[in-house]
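Raw contents of target02.txt, compact mmCIF, N, CA and C atoms:
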# COMPACT_ATOMS: atom_id res chain seq x y z
N MET A 1 -52.95 -4.33 35.20
CA MET A 1 -51.90 -4.97 34.44
C MET A 1 -50.63 -5.10 35.28
N THR A 2 -49.98 -6.18 35.08
CA THR A 2 -48.75 -6.38 35.85
C THR A 2 -47.59 -5.65 35.19
N ARG A 3 -46.63 -5.35 36.00
CA ARG A 3 -45.45 -4.62 35.50
C ARG A 3 -44.55 -5.57 34.73
N ILE A 4 -44.10 -5.09 33.56
CA ILE A 4 -43.20 -5.89 32.74
C ILE A 4 -41.80 -5.33 32.91
N LYS A 5 -40.90 -6.20 33.34
CA LYS A 5 -39.51 -5.78 33.50
C LYS A 5 -38.79 -5.96 32.17
N ARG A 6 -38.04 -4.92 31.79
CA ARG A 6 -37.31 -4.98 30.52
C ARG A 6 -36.21 -6.04 30.63
N GLY A 7 -35.91 -6.64 29.53
CA GLY A 7 -34.88 -7.66 29.50
C GLY A 7 -33.48 -7.06 29.47
N TYR A 8 -32.53 -7.90 29.23
CA TYR A 8 -31.12 -7.50 29.27
C TYR A 8 -30.57 -7.21 27.87
N ILE A 9 -31.36 -7.38 26.83
CA ILE A 9 -30.85 -7.31 25.45
C ILE A 9 -30.34 -5.92 25.10
N ALA A 10 -31.13 -4.87 25.45
CA ALA A 10 -30.69 -3.50 25.14
C ALA A 10 -29.43 -3.15 25.91
N ARG A 11 -29.38 -3.58 27.17
CA ARG A 11 -28.19 -3.30 27.99
C ARG A 11 -26.96 -4.02 27.43
N ARG A 12 -27.17 -5.24 26.99
CA ARG A 12 -26.05 -6.01 26.41
C ARG A 12 -25.55 -5.35 25.12
N ARG A 13 -26.48 -4.84 24.30
CA ARG A 13 -26.08 -4.15 23.07
C ARG A 13 -25.29 -2.88 23.38
N ARG A 14 -25.76 -2.13 24.41
CA ARG A 14 -25.06 -0.89 24.76
C ARG A 14 -23.68 -1.17 25.34
N THR A 15 -23.56 -2.20 26.15
CA THR A 15 -22.24 -2.52 26.71
C THR A 15 -21.28 -2.97 25.62
N LYS A 16 -21.80 -3.67 24.60
CA LYS A 16 -20.95 -4.08 23.48
C LYS A 16 -20.43 -2.85 22.73
N ILE A 17 -21.30 -1.87 22.55
CA ILE A 17 -20.89 -0.63 21.88
C ILE A 17 -19.88 0.12 22.75
N ARG A 18 -20.13 0.12 24.09
CA ARG A 18 -19.21 0.79 25.01
C ARG A 18 -17.83 0.16 25.00
N LEU A 19 -17.77 -1.15 24.89
CA LEU A 19 -16.48 -1.83 24.81
C LEU A 19 -15.71 -1.41 23.57
N PHE A 20 -16.43 -1.21 22.46
CA PHE A 20 -15.79 -0.76 21.22
C PHE A 20 -15.18 0.63 21.42
N ALA A 21 -15.91 1.50 22.14
CA ALA A 21 -15.50 2.91 22.28
C ALA A 21 -14.78 3.18 23.58
N SER A 22 -14.29 2.16 24.26
CA SER A 22 -13.69 2.37 25.57
C SER A 22 -12.41 3.21 25.50
N SER A 23 -11.75 3.20 24.35
CA SER A 23 -10.50 3.96 24.25
C SER A 23 -10.72 5.38 23.74
N PHE A 24 -11.96 5.74 23.42
CA PHE A 24 -12.24 7.09 22.95
C PHE A 24 -12.21 8.06 24.13
N ARG A 25 -12.09 9.37 23.82
CA ARG A 25 -11.96 10.37 24.87
C ARG A 25 -13.29 11.05 25.16
N GLY A 26 -13.48 11.42 26.41
CA GLY A 26 -14.61 12.25 26.81
C GLY A 26 -15.95 11.56 26.63
N ALA A 27 -16.93 12.36 26.15
CA ALA A 27 -18.29 11.85 25.98
C ALA A 27 -18.36 10.76 24.91
N HIS A 28 -17.37 10.71 24.04
CA HIS A 28 -17.36 9.70 22.98
C HIS A 28 -17.24 8.29 23.54
N SER A 29 -16.82 8.18 24.80
CA SER A 29 -16.74 6.85 25.41
C SER A 29 -17.75 6.67 26.54
N ARG A 30 -18.58 7.72 26.82
CA ARG A 30 -19.50 7.64 27.96
C ARG A 30 -20.97 7.69 27.58
N LEU A 31 -21.32 8.52 26.62
CA LEU A 31 -22.74 8.71 26.27
C LEU A 31 -23.11 7.82 25.10
N THR A 32 -24.19 7.11 25.26
CA THR A 32 -24.56 6.06 24.30
C THR A 32 -24.78 6.62 22.90
N ARG A 33 -25.46 7.73 22.80
CA ARG A 33 -25.77 8.27 21.48
C ARG A 33 -24.51 8.72 20.75
N THR A 34 -23.62 9.41 21.47
CA THR A 34 -22.37 9.85 20.82
C THR A 34 -21.45 8.66 20.55
N ILE A 35 -21.54 7.63 21.41
CA ILE A 35 -20.73 6.43 21.16
C ILE A 35 -21.14 5.80 19.83
N THR A 36 -22.44 5.70 19.58
CA THR A 36 -22.88 5.08 18.32
C THR A 36 -22.46 5.91 17.12
N GLN A 37 -22.55 7.24 17.26
CA GLN A 37 -22.12 8.11 16.16
C GLN A 37 -20.63 7.94 15.89
N GLN A 38 -19.84 7.91 16.95
CA GLN A 38 -18.40 7.78 16.78
C GLN A 38 -18.01 6.40 16.25
N LYS A 39 -18.79 5.39 16.61
CA LYS A 39 -18.53 4.05 16.08
C LYS A 39 -18.72 4.02 14.58
N ILE A 40 -19.82 4.62 14.13
CA ILE A 40 -20.09 4.69 12.69
C ILE A 40 -18.97 5.44 11.97
N ARG A 41 -18.57 6.55 12.57
CA ARG A 41 -17.51 7.37 11.98
C ARG A 41 -16.18 6.62 11.94
N ALA A 42 -15.86 5.91 13.04
CA ALA A 42 -14.60 5.18 13.11
C ALA A 42 -14.55 4.05 12.09
N LEU A 43 -15.66 3.32 11.95
CA LEU A 43 -15.68 2.22 10.99
C LEU A 43 -15.61 2.73 9.56
N ALA A 44 -16.26 3.86 9.29
CA ALA A 44 -16.19 4.45 7.94
C ALA A 44 -14.77 4.89 7.62
N SER A 45 -14.10 5.51 8.62
CA SER A 45 -12.72 5.94 8.41
C SER A 45 -11.79 4.74 8.20
N ALA A 46 -12.03 3.68 8.95
CA ALA A 46 -11.19 2.49 8.81
C ALA A 46 -11.35 1.89 7.42
N TYR A 47 -12.58 1.84 6.92
CA TYR A 47 -12.83 1.29 5.59
C TYR A 47 -12.16 2.15 4.51
N ARG A 48 -12.30 3.47 4.65
CA ARG A 48 -11.71 4.39 3.67
C ARG A 48 -10.18 4.30 3.69
N ASP A 49 -9.61 4.23 4.89
CA ASP A 49 -8.16 4.29 5.01
C ASP A 49 -7.47 2.98 4.67
N ARG A 50 -8.22 1.88 4.61
CA ARG A 50 -7.59 0.63 4.17
C ARG A 50 -7.13 0.73 2.73
N SER A 51 -7.98 1.28 1.86
CA SER A 51 -7.57 1.46 0.47
C SER A 51 -6.56 2.59 0.33
N ARG A 52 -6.67 3.61 1.18
CA ARG A 52 -5.71 4.71 1.14
C ARG A 52 -4.32 4.24 1.57
N GLN A 53 -4.28 3.30 2.51
CA GLN A 53 -3.01 2.76 2.99
C GLN A 53 -2.30 2.02 1.86
N LYS A 54 -3.05 1.24 1.10
CA LYS A 54 -2.46 0.53 -0.04
C LYS A 54 -1.85 1.53 -1.03
N ARG A 55 -2.60 2.61 -1.29
CA ARG A 55 -2.14 3.64 -2.21
C ARG A 55 -0.86 4.30 -1.70
N ASN A 56 -0.83 4.62 -0.40
CA ASN A 56 0.33 5.29 0.18
C ASN A 56 1.57 4.41 0.17
N PHE A 57 1.38 3.11 0.46
CA PHE A 57 2.53 2.21 0.43
C PHE A 57 3.07 2.06 -0.97
N ARG A 58 2.19 1.99 -1.97
CA ARG A 58 2.64 1.89 -3.36
C ARG A 58 3.46 3.13 -3.73
N ARG A 59 2.99 4.31 -3.32
CA ARG A 59 3.74 5.55 -3.59
C ARG A 59 5.10 5.53 -2.92
N LEU A 60 5.15 5.02 -1.68
CA LEU A 60 6.42 4.94 -0.95
C LEU A 60 7.39 4.01 -1.67
N TRP A 61 6.90 2.84 -2.12
CA TRP A 61 7.77 1.89 -2.81
C TRP A 61 8.31 2.49 -4.10
N ILE A 62 7.44 3.17 -4.85
CA ILE A 62 7.86 3.78 -6.11
C ILE A 62 8.91 4.85 -5.85
N THR A 63 8.72 5.65 -4.81
CA THR A 63 9.69 6.70 -4.47
C THR A 63 11.05 6.10 -4.11
N ARG A 64 11.03 5.02 -3.33
CA ARG A 64 12.29 4.39 -2.94
C ARG A 64 13.03 3.81 -4.14
N ILE A 65 12.30 3.12 -5.00
CA ILE A 65 12.93 2.52 -6.19
C ILE A 65 13.51 3.62 -7.07
N ASN A 66 12.73 4.67 -7.28
CA ASN A 66 13.16 5.77 -8.13
C ASN A 66 14.41 6.44 -7.58
N ALA A 67 14.46 6.63 -6.25
CA ALA A 67 15.62 7.28 -5.64
C ALA A 67 16.89 6.45 -5.86
N VAL A 68 16.79 5.15 -5.66
CA VAL A 68 17.97 4.30 -5.82
C VAL A 68 18.39 4.22 -7.27
N ILE A 69 17.42 4.12 -8.18
CA ILE A 69 17.73 4.04 -9.61
C ILE A 69 18.42 5.32 -10.08
N ARG A 70 17.88 6.46 -9.68
CA ARG A 70 18.47 7.73 -10.11
C ARG A 70 19.82 7.99 -9.46
N TYR A 71 20.01 7.47 -8.26
CA TYR A 71 21.31 7.63 -7.58
C TYR A 71 22.39 6.86 -8.33
N ASN A 72 22.01 5.73 -8.89
CA ASN A 72 22.96 4.90 -9.62
C ASN A 72 23.25 5.48 -11.00
N LYS A 73 22.22 5.78 -11.76
CA LYS A 73 22.37 6.29 -13.13
C LYS A 73 21.61 7.60 -13.25
N VAL A 74 22.25 8.61 -13.77
CA VAL A 74 21.62 9.92 -13.83
C VAL A 74 20.52 9.95 -14.88
N ASP A 75 20.74 9.30 -16.04
CA ASP A 75 19.78 9.40 -17.14
C ASP A 75 18.70 8.32 -17.07
N TYR A 76 18.78 7.42 -16.12
CA TYR A 76 17.84 6.31 -16.04
C TYR A 76 16.69 6.70 -15.11
N SER A 77 15.45 6.38 -15.47
CA SER A 77 14.31 6.77 -14.64
C SER A 77 13.52 5.53 -14.21
N TYR A 78 12.65 5.74 -13.24
CA TYR A 78 11.83 4.65 -12.70
C TYR A 78 10.93 4.08 -13.78
N SER A 79 10.30 4.94 -14.56
CA SER A 79 9.35 4.47 -15.57
C SER A 79 10.04 3.60 -16.62
N ARG A 80 11.24 4.00 -17.05
CA ARG A 80 11.99 3.18 -18.00
C ARG A 80 12.41 1.86 -17.39
N PHE A 81 12.77 1.89 -16.11
CA PHE A 81 13.17 0.68 -15.40
C PHE A 81 12.03 -0.33 -15.35
N ILE A 82 10.84 0.12 -14.96
CA ILE A 82 9.67 -0.76 -14.88
C ILE A 82 9.27 -1.25 -16.26
N HIS A 83 9.33 -0.36 -17.25
CA HIS A 83 8.99 -0.74 -18.62
C HIS A 83 9.92 -1.86 -19.11
N ASN A 84 11.20 -1.70 -18.85
CA ASN A 84 12.17 -2.72 -19.28
C ASN A 84 12.00 -4.02 -18.49
N LEU A 85 11.61 -3.91 -17.23
CA LEU A 85 11.33 -5.12 -16.45
C LEU A 85 10.21 -5.92 -17.10
N TYR A 86 9.15 -5.23 -17.49
CA TYR A 86 8.01 -5.91 -18.12
C TYR A 86 8.39 -6.47 -19.48
N LYS A 87 9.19 -5.72 -20.23
CA LYS A 87 9.63 -6.22 -21.54
C LYS A 87 10.47 -7.47 -21.39
N ARG A 88 11.28 -7.51 -20.36
CA ARG A 88 12.16 -8.66 -20.09
C ARG A 88 11.41 -9.79 -19.41
N GLN A 89 10.16 -9.52 -18.98
CA GLN A 89 9.29 -10.47 -18.28
C GLN A 89 9.87 -10.89 -16.93
N LEU A 90 10.49 -9.94 -16.23
CA LEU A 90 10.92 -10.15 -14.86
C LEU A 90 9.79 -9.65 -13.96
N LEU A 91 9.02 -10.55 -13.44
CA LEU A 91 7.83 -10.16 -12.69
C LEU A 91 8.15 -10.01 -11.21
N LEU A 92 8.71 -8.87 -10.87
CA LEU A 92 8.97 -8.51 -9.47
C LEU A 92 8.04 -7.35 -9.13
N ASN A 93 7.28 -7.48 -8.05
CA ASN A 93 6.39 -6.38 -7.71
C ASN A 93 7.16 -5.26 -7.02
N ARG A 94 6.51 -4.12 -6.87
CA ARG A 94 7.17 -2.93 -6.37
C ARG A 94 7.60 -3.07 -4.92
N LYS A 95 6.85 -3.84 -4.14
CA LYS A 95 7.21 -4.04 -2.73
C LYS A 95 8.55 -4.76 -2.63
N ILE A 96 8.72 -5.81 -3.41
CA ILE A 96 9.97 -6.58 -3.39
C ILE A 96 11.11 -5.72 -3.93
N LEU A 97 10.86 -4.99 -5.01
CA LEU A 97 11.90 -4.13 -5.57
C LEU A 97 12.35 -3.07 -4.57
N ALA A 98 11.38 -2.51 -3.81
CA ALA A 98 11.74 -1.50 -2.81
C ALA A 98 12.56 -2.12 -1.69
N GLN A 99 12.22 -3.33 -1.28
CA GLN A 99 13.01 -4.00 -0.25
C GLN A 99 14.42 -4.29 -0.74
N ILE A 100 14.53 -4.72 -2.00
CA ILE A 100 15.86 -4.96 -2.58
C ILE A 100 16.63 -3.64 -2.64
N ALA A 101 15.94 -2.56 -3.02
CA ALA A 101 16.59 -1.26 -3.14
C ALA A 101 17.16 -0.79 -1.80
N ILE A 102 16.46 -1.07 -0.72
CA ILE A 102 16.93 -0.60 0.59
C ILE A 102 17.95 -1.56 1.20
N LEU A 103 17.65 -2.85 1.17
CA LEU A 103 18.50 -3.81 1.87
C LEU A 103 19.72 -4.23 1.07
N ASN A 104 19.59 -4.29 -0.26
CA ASN A 104 20.70 -4.79 -1.08
C ASN A 104 20.74 -4.01 -2.39
N ARG A 105 21.33 -2.83 -2.34
CA ARG A 105 21.36 -1.96 -3.52
C ARG A 105 22.12 -2.60 -4.68
N ASN A 106 23.18 -3.31 -4.37
CA ASN A 106 23.99 -3.92 -5.44
C ASN A 106 23.16 -4.88 -6.28
N CYS A 107 22.25 -5.59 -5.63
CA CYS A 107 21.38 -6.52 -6.35
C CYS A 107 20.48 -5.75 -7.33
N LEU A 108 19.94 -4.61 -6.88
CA LEU A 108 19.10 -3.81 -7.78
C LEU A 108 19.93 -3.24 -8.92
N TYR A 109 21.17 -2.84 -8.63
CA TYR A 109 22.05 -2.35 -9.69
C TYR A 109 22.32 -3.45 -10.70
N MET A 110 22.52 -4.68 -10.21
CA MET A 110 22.74 -5.81 -11.12
C MET A 110 21.53 -6.05 -12.01
N ILE A 111 20.33 -5.96 -11.43
CA ILE A 111 19.10 -6.15 -12.21
C ILE A 111 18.99 -5.07 -13.27
N SER A 112 19.24 -3.81 -12.89
CA SER A 112 19.10 -2.72 -13.85
C SER A 112 20.16 -2.82 -14.95
N ASN A 113 21.40 -3.21 -14.59
CA ASN A 113 22.44 -3.37 -15.61
C ASN A 113 22.12 -4.52 -16.55
N GLU A 114 21.58 -5.60 -16.00
CA GLU A 114 21.19 -6.75 -16.81
C GLU A 114 20.11 -6.36 -17.82
N ILE A 115 19.15 -5.59 -17.36
CA ILE A 115 18.07 -5.14 -18.24
C ILE A 115 18.63 -4.23 -19.33
N GLU A 116 19.52 -3.32 -18.91
CA GLU A 116 20.10 -2.39 -19.87
C GLU A 116 20.92 -3.12 -20.93
N ASP A 117 21.72 -4.11 -20.49
CA ASP A 117 22.51 -4.89 -21.45
C ASP A 117 21.61 -5.65 -22.40
N TRP A 118 20.53 -6.22 -21.88
CA TRP A 118 19.60 -6.96 -22.72
C TRP A 118 18.93 -6.03 -23.73
N GLU A 119 18.60 -4.81 -23.27
CA GLU A 119 17.95 -3.84 -24.15
C GLU A 119 18.89 -3.46 -25.30
N GLU A 120 20.17 -3.25 -24.98
CA GLU A 120 21.14 -2.89 -26.03
C GLU A 120 21.34 -4.03 -27.01
N SER A 121 21.44 -5.26 -26.50
CA SER A 121 21.64 -6.41 -27.39
C SER A 121 20.42 -6.66 -28.25
N SER A 122 19.20 -6.47 -27.69
CA SER A 122 17.99 -6.67 -28.50
C SER A 122 17.87 -5.57 -29.55
N GLY A 123 18.36 -4.36 -29.22
CA GLY A 123 18.38 -3.27 -30.20
C GLY A 123 19.29 -3.59 -31.37
N MET A 124 20.43 -4.22 -31.06
CA MET A 124 21.36 -4.63 -32.11
C MET A 124 20.73 -5.69 -32.99
N LEU A 125 20.00 -6.63 -32.38
CA LEU A 125 19.34 -7.68 -33.14
C LEU A 125 18.30 -7.11 -34.08
N LYS A 126 17.55 -6.12 -33.59
CA LYS A 126 16.53 -5.49 -34.43
C LYS A 126 17.18 -4.80 -35.63
N MET A 127 18.34 -4.17 -35.40
CA MET A 127 19.02 -3.49 -36.49
C MET A 127 19.54 -4.50 -37.52
N GLU A 128 20.01 -5.68 -37.07
CA GLU A 128 20.51 -6.69 -37.98
C GLU A 128 19.38 -7.24 -38.85
N PHE A 129 18.22 -7.47 -38.24
CA PHE A 129 17.10 -8.03 -39.00
C PHE A 129 16.51 -7.03 -39.98
N SER A 130 16.55 -5.75 -39.62
CA SER A 130 15.98 -4.76 -40.53
C SER A 130 16.93 -4.42 -41.66
N GLY A 131 18.22 -4.74 -41.53
CA GLY A 131 19.18 -4.50 -42.59
C GLY A 131 19.78 -3.11 -42.57
N GLU A 132 19.70 -2.42 -41.45
CA GLU A 132 20.27 -1.07 -41.36
C GLU A 132 21.73 -1.11 -40.99
Any chance you could put this one into structure tokens?
Amino acid sequence: MTRIKRGYIARRRRTKIRLFASSFRGAHSRLTRTITQQKIRALASAYRDRSRQKRNFRRLWITRINAVIRYNKVDYSYSRFIHNLYKRQLLLNRKILAQIAILNRNCLYMISNEIEDWEESSGMLKMEFSGE
């Protein structure tokens, strides 16, 4: 039987994996078997952390908004602020509110005062209609 020379496909696959792991340290970038294991691990971590990143940013935005709101008014809280925003149908997401809170605090104070004034006036209207 004649000798069959292996093709280049396996080598090409391994070099593609090596290119992925070229920035890893030690055997994780040199040995094929550990490279494949680390690739699987890296991709799994990337997938998991994409949703975790969204969660962390949302927490950061909420913390920033809450800090600015409480700094302005002692008795006013983040949850009441968001609740009143929804009641007033001001559809601003938390990312935009956090940017406003950091870059232009006066604008956020104006929004919160506007909501508060509207809440008081709607409370008066409810009292007039109920006859109290």
Please identify all polymer residues within 8 Å of stretch 15-22 of chain A, counting all atoms listed in the file, omitting same-chain residues fewer than 4 positions from it, and present them as a list in words.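 Contacts, with the query itself left out: Ile9, Ala10, Arg11, His28, Ser29, Arg30, Thr32, Ile35, Thr36, Gln38 and Lys39 of chain A.
Restricting the calculation to all atoms listed in the file, the smallest distance between A:Val68 and any of A:Asn56, A:Gln37, A:Arg105, A:Arg80 is found for A:Arg105.
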Å distance separating atom CA of A:Arg48 from atom CA of A:Trp61, one decimal place: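 Atom CA of A:Arg48 sits 20.7 Å away from atom CA of A:Trp61.
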In Å, with one decimal, what is the gap from atom CA of A:Ile82 to atom C of A:Tyr47?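 Those two atoms sit 29.3 Å apart.
Checking A:Met1, A:Ile115, A:Ile69, A:Ala42 one by one against A:Ala101, counting only N, CA and C atoms, you find the shortest gap at A:Ile69.
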To one decimal place in Å, what is the distance between atom CA of A:Arg41 and atom CA of A:Phe57?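 Atom CA of A:Phe57 lies at a distance of 23.7 Å from atom CA of A:Arg41.
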Smallest atom-to-atom distance to A:Ile102: which of A:Arg88, A:Lys73, A:Arg64, A:Lys54, using only N, CA and C atoms?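 Among the listed residues, the smallest separation from A:Ile102 belongs to A:Arg64.
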Which neighbours of A:Arg58 fall inside 10 Å, counting only C-alpha atoms, when residues of the same chain fewer than 5 positions from it are skipped, and could you give them as a list in words? Arg52, Gln53, Thr63, Arg64, Arg94, Lys95 and Ala98 of chain A
Model the absent atoms of stretch 3-21 of chain A so that N, CA, C and O atoms are present, and write the result as a PDB file, in the coordinates of the input.
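Result file out.pdb:
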ATOM      1  N   ARG A   3     -46.630  -5.350  36.000  1.00  0.00           N
ATOM      2  CA  ARG A   3     -45.450  -4.620  35.500  1.00  0.00           C
ATOM      3  C   ARG A   3     -44.550  -5.570  34.730  1.00  0.00           C
ATOM      4  O   ARG A   3     -44.272  -6.685  35.175  1.00  0.00           O
ATOM      5  N   ILE A   4     -44.100  -5.090  33.560  1.00  0.00           N
ATOM      6  CA  ILE A   4     -43.200  -5.890  32.740  1.00  0.00           C
ATOM      7  C   ILE A   4     -41.800  -5.330  32.910  1.00  0.00           C
ATOM      8  O   ILE A   4     -41.546  -4.160  32.649  1.00  0.00           O
ATOM      9  N   LYS A   5     -40.900  -6.200  33.340  1.00  0.00           N
ATOM     10  CA  LYS A   5     -39.510  -5.780  33.500  1.00  0.00           C
ATOM     11  C   LYS A   5     -38.790  -5.960  32.170  1.00  0.00           C
ATOM     12  O   LYS A   5     -38.932  -6.994  31.514  1.00  0.00           O
ATOM     13  N   ARG A   6     -38.040  -4.920  31.790  1.00  0.00           N
ATOM     14  CA  ARG A   6     -37.310  -4.980  30.520  1.00  0.00           C
ATOM     15  C   ARG A   6     -36.210  -6.040  30.630  1.00  0.00           C
ATOM     16  O   ARG A   6     -35.608  -6.216  31.674  1.00  0.00           O
ATOM     17  N   GLY A   7     -35.910  -6.640  29.530  1.00  0.00           N
ATOM     18  CA  GLY A   7     -34.880  -7.660  29.500  1.00  0.00           C
ATOM     19  C   GLY A   7     -33.480  -7.060  29.470  1.00  0.00           C
ATOM     20  O   GLY A   7     -33.284  -5.852  29.637  1.00  0.00           O
ATOM     21  N   TYR A   8     -32.530  -7.900  29.230  1.00  0.00           N
ATOM     22  CA  TYR A   8     -31.120  -7.500  29.270  1.00  0.00           C
ATOM     23  C   TYR A   8     -30.570  -7.210  27.870  1.00  0.00           C
ATOM     24  O   TYR A   8     -29.412  -6.854  27.736  1.00  0.00           O
ATOM     25  N   ILE A   9     -31.360  -7.380  26.830  1.00  0.00           N
ATOM     26  CA  ILE A   9     -30.850  -7.310  25.450  1.00  0.00           C
ATOM     27  C   ILE A   9     -30.340  -5.920  25.100  1.00  0.00           C
ATOM     28  O   ILE A   9     -29.240  -5.764  24.558  1.00  0.00           O
ATOM     29  N   ALA A  10     -31.130  -4.870  25.450  1.00  0.00           N
ATOM     30  CA  ALA A  10     -30.690  -3.500  25.140  1.00  0.00           C
ATOM     31  C   ALA A  10     -29.430  -3.150  25.910  1.00  0.00           C
ATOM     32  O   ALA A  10     -28.509  -2.524  25.367  1.00  0.00           O
ATOM     33  N   ARG A  11     -29.380  -3.580  27.170  1.00  0.00           N
ATOM     34  CA  ARG A  11     -28.190  -3.300  27.990  1.00  0.00           C
ATOM     35  C   ARG A  11     -26.960  -4.020  27.430  1.00  0.00           C
ATOM     36  O   ARG A  11     -25.871  -3.464  27.367  1.00  0.00           O
ATOM     37  N   ARG A  12     -27.170  -5.240  26.990  1.00  0.00           N
ATOM     38  CA  ARG A  12     -26.050  -6.010  26.410  1.00  0.00           C
ATOM     39  C   ARG A  12     -25.550  -5.350  25.120  1.00  0.00           C
ATOM     40  O   ARG A  12     -24.342  -5.253  24.885  1.00  0.00           O
ATOM     41  N   ARG A  13     -26.480  -4.840  24.300  1.00  0.00           N
ATOM     42  CA  ARG A  13     -26.080  -4.150  23.070  1.00  0.00           C
ATOM     43  C   ARG A  13     -25.290  -2.880  23.380  1.00  0.00           C
ATOM     44  O   ARG A  13     -24.264  -2.597  22.756  1.00  0.00           O
ATOM     45  N   ARG A  14     -25.760  -2.130  24.410  1.00  0.00           N
ATOM     46  CA  ARG A  14     -25.060  -0.890  24.760  1.00  0.00           C
ATOM     47  C   ARG A  14     -23.680  -1.170  25.340  1.00  0.00           C
ATOM     48  O   ARG A  14     -22.725  -0.443  25.051  1.00  0.00           O
ATOM     49  N   THR A  15     -23.560  -2.200  26.150  1.00  0.00           N
ATOM     50  CA  THR A  15     -22.240  -2.520  26.710  1.00  0.00           C
ATOM     51  C   THR A  15     -21.280  -2.970  25.620  1.00  0.00           C
ATOM     52  O   THR A  15     -20.084  -2.681  25.679  1.00  0.00           O
ATOM     53  N   LYS A  16     -21.800  -3.670  24.600  1.00  0.00           N
ATOM     54  CA  LYS A  16     -20.950  -4.080  23.480  1.00  0.00           C
ATOM     55  C   LYS A  16     -20.430  -2.850  22.730  1.00  0.00           C
ATOM     56  O   LYS A  16     -19.251  -2.776  22.369  1.00  0.00           O
ATOM     57  N   ILE A  17     -21.300  -1.870  22.550  1.00  0.00           N
ATOM     58  CA  ILE A  17     -20.890  -0.630  21.880  1.00  0.00           C
ATOM     59  C   ILE A  17     -19.880   0.120  22.750  1.00  0.00           C
ATOM     60  O   ILE A  17     -18.896   0.670  22.268  1.00  0.00           O
ATOM     61  N   ARG A  18     -20.130   0.120  24.090  1.00  0.00           N
ATOM     62  CA  ARG A  18     -19.210   0.790  25.010  1.00  0.00           C
ATOM     63  C   ARG A  18     -17.830   0.160  25.000  1.00  0.00           C
ATOM     64  O   ARG A  18     -16.820   0.847  25.111  1.00  0.00           O
ATOM     65  N   LEU A  19     -17.770  -1.150  24.890  1.00  0.00           N
ATOM     66  CA  LEU A  19     -16.480  -1.830  24.810  1.00  0.00           C
ATOM     67  C   LEU A  19     -15.710  -1.410  23.570  1.00  0.00           C
ATOM     68  O   LEU A  19     -14.494  -1.253  23.597  1.00  0.00           O
ATOM     69  N   PHE A  20     -16.430  -1.210  22.460  1.00  0.00           N
ATOM     70  CA  PHE A  20     -15.790  -0.760  21.220  1.00  0.00           C
ATOM     71  C   PHE A  20     -15.180   0.630  21.420  1.00  0.00           C
ATOM     72  O   PHE A  20     -14.077   0.901  20.944  1.00  0.00           O
ATOM     73  N   ALA A  21     -15.910   1.500  22.140  1.00  0.00           N
ATOM     74  CA  ALA A  21     -15.500   2.910  22.280  1.00  0.00           C
ATOM     75  C   ALA A  21     -14.780   3.180  23.580  1.00  0.00           C
ATOM     76  O   ALA A  21     -14.632   4.343  23.967  1.00  0.00           O
TER      77      ALA A  21
END
